[in-house]
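Content type CSV, C-alpha atoms, from the file structure-v2.csv:
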```csv
chain,number,residue,atom,x,y,z
S,84,MET,CA,-12.1,-7.7,-33.2
S,85,VAL,CA,-9.7,-6.7,-30.4
S,86,ARG,CA,-6.4,-4.8,-30.2
S,87,THR,CA,-3.1,-6.8,-30.5
S,88,ARG,CA,-1.8,-7.2,-27.0
S,89,PRO,CA,1.9,-6.8,-26.5
S,90,THR,CA,3.6,-9.5,-24.3
S,91,ILE,CA,4.7,-6.9,-21.7
S,92,VAL,CA,1.0,-5.9,-21.2
S,93,LEU,CA,0.1,-9.5,-20.7
S,94,VAL,CA,2.8,-9.9,-18.0
S,95,MET,CA,1.9,-6.6,-16.3
S,96,ALA,CA,-1.8,-7.5,-16.4
S,97,ILE,CA,-1.2,-10.8,-14.6
S,98,LEU,CA,1.2,-9.1,-12.0
S,99,THR,CA,-1.3,-6.3,-11.5
S,100,ILE,CA,-4.0,-8.9,-10.5
S,101,VAL,CA,-1.6,-10.8,-8.3
S,102,PHE,CA,-0.3,-7.7,-6.5
S,103,GLY,CA,-3.8,-6.2,-6.2
S,104,SER,CA,-5.0,-9.4,-4.7
S,105,ILE,CA,-2.2,-9.6,-2.2
S,106,TRP,CA,-2.6,-5.9,-1.2
S,107,THR,CA,-6.4,-6.4,-0.8
S,108,LEU,CA,-5.9,-9.5,1.4
S,109,VAL,CA,-3.4,-7.6,3.6
S,110,SER,CA,-5.7,-4.7,3.9
S,111,LEU,CA,-8.7,-6.9,4.9
S,112,CYS,CA,-6.6,-8.8,7.4
S,113,SER,CA,-5.3,-5.5,8.9
S,114,GLY,CA,-8.8,-4.3,9.2
S,115,VAL,CA,-10.0,-7.4,11.0
S,116,TRP,CA,-7.0,-7.2,13.4
S,117,VAL,CA,-7.7,-3.5,14.2
S,118,LEU,CA,-11.4,-4.3,14.7
S,119,LEU,CA,-10.5,-7.1,17.1
S,120,PHE,CA,-7.8,-5.0,18.8
S,121,TYR,CA,-10.2,-2.3,19.8
S,122,THR,CA,-13.3,-4.4,20.5
S,123,ILE,CA,-12.1,-7.7,22.0
S,124,GLN,CA,-12.9,-7.9,25.7
S,125,ALA,CA,-11.1,-11.1,26.8
S,126,PRO,CA,-9.6,-10.8,30.3
S,127,GLN,CA,-6.9,-13.4,29.4
S,128,LEU,CA,-5.7,-11.2,26.6
S,129,ASP,CA,-5.8,-7.8,28.5
S,130,ALA,CA,-2.2,-8.1,29.7
S,131,ALA,CA,-0.9,-8.8,26.2
S,132,LEU,CA,-2.9,-6.1,24.5
S,133,LYS,CA,-2.5,-3.4,27.2
S,134,PRO,CA,1.0,-2.1,26.0
S,135,MET,CA,-0.2,-1.8,22.4
S,136,ARG,CA,-3.4,0.0,23.4
S,137,GLU,CA,-1.3,2.4,25.5
S,138,LEU,CA,0.9,3.0,22.4
S,139,SER,CA,-2.2,3.6,20.3
S,140,GLU,CA,-3.6,6.2,22.8
S,141,LEU,CA,-0.2,7.9,23.0
S,142,LEU,CA,0.1,8.2,19.3
S,143,GLN,CA,-3.4,9.7,19.1
S,144,LYS,CA,-2.4,12.3,21.7
S,145,GLU,CA,1.0,13.2,20.3
S,146,ALA,CA,1.1,12.5,16.6
S,147,PRO,CA,-0.9,15.2,14.7
S,148,GLY,CA,-3.9,13.8,12.9
S,149,TYR,CA,-2.8,10.2,13.6
S,150,LEU,CA,-6.2,8.6,13.6
S,151,ALA,CA,-7.4,10.4,10.5
S,152,MET,CA,-4.1,9.6,8.7
S,153,GLU,CA,-4.3,5.9,9.5
S,154,VAL,CA,-8.0,5.6,8.6
S,155,THR,CA,-7.3,7.4,5.3
S,156,ASN,CA,-4.3,5.1,4.7
S,157,TYR,CA,-6.3,2.0,5.3
S,158,ALA,CA,-9.3,3.1,3.2
S,159,LEU,CA,-7.1,4.4,0.3
S,160,ARG,CA,-5.0,1.3,0.2
S,161,LEU,CA,-8.0,-1.0,0.1
S,162,VAL,CA,-9.7,1.0,-2.7
S,163,LEU,CA,-6.5,1.2,-4.8
S,164,SER,CA,-5.9,-2.5,-4.3
S,165,VAL,CA,-9.3,-3.4,-5.6
S,166,LEU,CA,-8.9,-1.0,-8.5
S,167,PHE,CA,-5.6,-2.7,-9.4
S,168,ILE,CA,-7.4,-6.0,-9.6
S,169,PHE,CA,-10.0,-4.6,-12.0
S,170,SER,CA,-7.4,-2.7,-14.1
S,171,GLY,CA,-5.4,-5.9,-14.4
S,172,ILE,CA,-8.5,-7.8,-15.7
S,173,GLY,CA,-9.1,-4.9,-18.1
S,174,LEU,CA,-5.5,-4.9,-19.3
S,175,LEU,CA,-5.9,-8.6,-20.2
S,176,ARG,CA,-8.7,-7.5,-22.5
S,177,MET,CA,-6.8,-4.4,-23.8
S,178,LYS,CA,-9.4,-2.0,-22.5
S,179,VAL,CA,-8.5,1.7,-22.5
S,180,TRP,CA,-10.2,2.4,-19.2
S,181,ALA,CA,-7.9,-0.2,-17.7
S,182,TRP,CA,-4.8,1.6,-19.0
S,183,ARG,CA,-6.1,4.9,-17.6
S,184,THR,CA,-7.0,3.2,-14.2
S,185,SER,CA,-3.6,1.5,-13.9
S,186,VAL,CA,-1.7,4.8,-14.6
S,187,ILE,CA,-3.8,6.8,-12.2
S,188,CYS,CA,-3.7,4.1,-9.4
S,189,SER,CA,0.0,3.7,-9.8
S,190,ALA,CA,0.7,7.4,-9.6
S,191,ALA,CA,-1.7,7.8,-6.6
S,192,THR,CA,-0.1,4.8,-4.8
S,193,VAL,CA,3.5,6.2,-5.2
S,194,VAL,CA,2.5,9.7,-4.0
S,195,TRP,CA,0.5,8.4,-1.1
S,196,GLU,CA,3.1,5.9,0.1
S,197,ILE,CA,5.8,8.6,0.1
S,198,VAL,CA,3.5,11.0,2.0
S,199,HIS,CA,2.6,8.3,4.6
S,200,THR,CA,6.2,7.2,5.0
S,201,VAL,CA,7.4,10.8,5.6
S,202,TYR,CA,4.5,11.2,8.2
S,203,GLN,CA,5.6,8.0,10.0
S,204,TRP,CA,9.2,9.1,10.1
S,205,ILE,CA,8.5,12.6,11.4
S,206,TYR,CA,5.6,12.0,13.8
S,207,VAL,CA,5.1,8.3,14.6
S,208,ASN,CA,8.6,6.8,14.9
S,209,PRO,CA,9.8,9.2,17.5
S,210,VAL,CA,6.8,8.6,19.8
S,211,THR,CA,7.1,4.8,19.2
S,212,ALA,CA,10.8,4.9,20.0
S,213,ARG,CA,10.2,6.8,23.3
S,214,TRP,CA,7.4,4.4,24.3
S,215,THR,CA,9.6,1.4,23.6
S,216,GLU,CA,12.4,2.7,25.8
S,217,GLU,CA,10.0,3.3,28.6
S,218,LEU,CA,8.5,-0.2,28.2
S,219,ILE,CA,12.0,-1.7,28.3
S,220,ARG,CA,12.8,0.1,31.5
S,221,LYS,CA,9.7,-1.4,33.1
S,222,GLN,CA,10.7,-4.9,32.3
S,223,PRO,CA,12.2,-7.1,35.0
S,224,ALA,CA,15.9,-7.5,35.1
S,225,GLY,CA,17.2,-10.2,32.8
S,226,THR,CA,14.3,-9.9,30.3
S,227,PRO,CA,15.5,-10.4,26.7
S,228,ASN,CA,15.5,-7.0,24.9
S,229,PHE,CA,14.1,-8.0,21.5
S,230,ALA,CA,12.8,-4.5,20.9
S,231,ALA,CA,16.3,-3.1,20.7
S,232,LEU,CA,16.8,-4.8,17.4
S,233,SER,CA,13.8,-3.1,15.8
S,234,GLU,CA,14.9,0.2,17.3
S,235,ASN,CA,18.4,0.0,15.8
S,236,SER,CA,18.8,2.8,13.2
S,237,ALA,CA,20.2,0.5,10.5
S,238,MET,CA,17.4,-2.0,11.1
S,239,LYS,CA,14.8,0.9,10.9
S,240,VAL,CA,16.2,1.9,7.5
S,241,ILE,CA,16.2,-1.6,6.2
S,242,ILE,CA,12.6,-2.3,7.4
S,243,ALA,CA,11.3,1.1,6.0
S,244,GLY,CA,13.2,0.5,2.7
S,245,ALA,CA,11.8,-3.0,2.3
S,246,ALA,CA,8.3,-1.8,3.1
S,247,LEU,CA,8.5,1.1,0.7
S,248,VAL,CA,9.8,-1.2,-2.1
S,249,PHE,CA,7.0,-3.7,-1.6
S,250,SER,CA,4.4,-0.9,-1.6
S,251,VAL,CA,5.7,1.3,-4.4
S,252,GLY,CA,8.1,-0.9,-6.3
S,253,PHE,CA,5.5,-2.6,-8.5
S,254,PRO,CA,3.3,0.6,-9.0
S,255,ILE,CA,6.4,2.4,-10.3
S,256,VAL,CA,7.2,-0.4,-12.7
S,257,LEU,CA,3.6,-0.6,-13.9
S,258,LEU,CA,3.5,3.2,-14.4
S,259,VAL,CA,6.7,3.1,-16.5
S,260,VAL,CA,5.5,0.2,-18.6
S,261,MET,CA,2.1,1.7,-19.3
S,262,LEU,CA,3.8,4.9,-20.5
S,263,LEU,CA,6.2,3.1,-22.8
S,264,PRO,CA,5.7,4.3,-26.5
S,265,ASN,CA,4.8,0.8,-27.8
S,266,VAL,CA,2.3,0.2,-25.0
S,267,ARG,CA,0.7,3.6,-25.5
S,268,ALA,CA,0.6,2.9,-29.2
S,269,ALA,CA,-1.2,-0.4,-28.6
S,270,PHE,CA,-3.9,1.4,-26.6
S,271,SER,CA,-4.0,4.4,-29.0
S,272,ARG,CA,-5.1,2.3,-32.0
S,273,PRO,CA,-8.9,2.2,-32.2
S,274,VAL,CA,-10.5,-1.3,-32.2
S,275,PRO,CA,-11.0,-2.2,-35.8
S,276,GLY,CA,-14.6,-1.4,-36.9
S,277,THR,CA,-15.2,1.2,-34.2
S,278,GLU,CA,-14.8,4.9,-34.1
S,279,HIS,CA,-15.9,5.6,-30.5
S,280,PRO,CA,-13.9,8.5,-29.1
S,281,ASP,CA,-13.4,6.7,-25.8
S,282,ASP,CA,-12.0,3.7,-27.5
S,283,SER,CA,-8.4,4.9,-27.6
S,284,ILE,CA,-6.1,7.1,-25.6
S,285,ALA,CA,-4.7,10.4,-26.9
S,286,LYS,CA,-1.5,10.2,-28.8
S,287,VAL,CA,1.5,12.2,-27.6
```
What is this structure when it is put down as structure tokens?
Amino acid sequence: MVRTRPTIVLVMAILTIVFGSIWTLVSLCSGVWVLLFYTIQAPQLDAALKPMRELSELLQKEAPGYLAMEVTNYALRLVLSVLFIFSGIGLLRMKVWAWRTSVICSAATVVWEIVHTVYQWIYVNPVTARWTEELIRKQPAGTPNFAALSENSAMKVIIAGAALVFSVGFPIVLLVVMLLPNVRAAFSRPVPGTEHPDDSIAKV
């Protein structure tokens, strides 16, 4: 026999699998792009990649711990994304380990995204803005200034806000739902016919 699964748990389980899959795909694509960015040796692409490689080198010089922070960010996001997929599958089956995993992963995602966003605003954005201004000055007269739009303060806030909502919006909702009294109660009830201590969560 299995626990009775509340409808909200079913919905969140499906969404957890969907979001985890999207985040995993984004992380893998980002990893492939970074790998190609640093290893590709095509002369016809050198001119296009040179400015971005210069920016990467500048950030590694001027932003404290930039490389370590970005490697950690990539690895942590990938691991958490995969864990979200597994926890979503476990939630469908009303497994207590899935409840615990979803709570821990949601909290870890929120905390890390806030830390990474603050780091970007304090250290990365100023260097990027200065590099963009220098790049614009080097452009021939009459060249359209598309970079100015992304450097607009209002646009920066909108982009950062949208990215933060996409990255932490669902984890916050998932965390809140998993801590709802009725959801906790559903996972607190032992499976009928079992008395295993790990088969339910502690009641509060």
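Take CA of Ile123 in chain S and CA of Tyr202 in chain S: the distance between them is 28.7 Å.
For the atom pair formed by CA of Thr192 in chain S and CA of Phe249 in chain S, the distance is 11.5 Å, given to one decimal.
Atom pair CA of Ser189 in chain S / CA of Pro147 in chain S has a distance of 27.1 Å (rounded to one decimal).
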At a cut-off of 8 Å, can you tabulate as JSON lines every residue of range 179-229 of chain S near range 166-171 of chain S together with its closest atom pair and the distance in Å to one decimal, using only C-alpha atoms and ordering rows by chain then number?
```
{"residue": "S:Trp180", "atom": "CA", "partner": "S:Ser170", "partner_atom": "CA", "distance": 7.7}
{"residue": "S:Ala181", "atom": "CA", "partner": "S:Ser170", "partner_atom": "CA", "distance": 4.4}
{"residue": "S:Trp182", "atom": "CA", "partner": "S:Ser170", "partner_atom": "CA", "distance": 7.0}
{"residue": "S:Thr184", "atom": "CA", "partner": "S:Ser170", "partner_atom": "CA", "distance": 5.9}
{"residue": "S:Ser185", "atom": "CA", "partner": "S:Ser170", "partner_atom": "CA", "distance": 5.7}
{"residue": "S:Cys188", "atom": "CA", "partner": "S:Phe167", "partner_atom": "CA", "distance": 7.1}
```
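Residues in contact with Tyr157 in chain S at 9 Å, where all atoms listed in the file are counted and same-chain residues fewer than 5 positions away are skipped, are listed as S:Ser110, S:Ser113, S:Gly114, S:Met152, S:Val162.
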Export C-alpha atoms of the chosen residues as a PDB file, in the coordinates of the input?
```
ATOM      1  CA  SER S 110      -5.700  -4.700   3.900  1.00  0.00           C
ATOM      2  CA  SER S 113      -5.300  -5.500   8.900  1.00  0.00           C
ATOM      3  CA  GLY S 114      -8.800  -4.300   9.200  1.00  0.00           C
ATOM      4  CA  MET S 152      -4.100   9.600   8.700  1.00  0.00           C
ATOM      5  CA  VAL S 162      -9.700   1.000  -2.700  1.00  0.00           C
TER       6      VAL S 162
END
```
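Around Val193 in chain S, within 10 Å and counting all atoms listed in the file, the residues found are Cys188, Val198, Leu247, Ser250, Val251, Gly252, Phe253, Pro254, Ile255 and Leu258 of chain S, once anything fewer than 5 positions away on its own chain is removed.
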Query raised in the report: Which residue gives the smallest distance to Leu141 in chain S among S:Val109, S:Ala212, S:Ile242, S:Ile187, with all atoms listed in the file counted?
Result: S:Ala212
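Nearest to Arg267 in chain S of all the residues S:Ile97, S:Ala191, S:Ala146, S:Val92 is S:Val92, counting all atoms listed in the file.
Distance check against Phe120 in chain S using all atoms listed in the file: of S:Leu132, S:Leu174, S:Ile105, S:Ala158, the minimum falls on S:Leu132.
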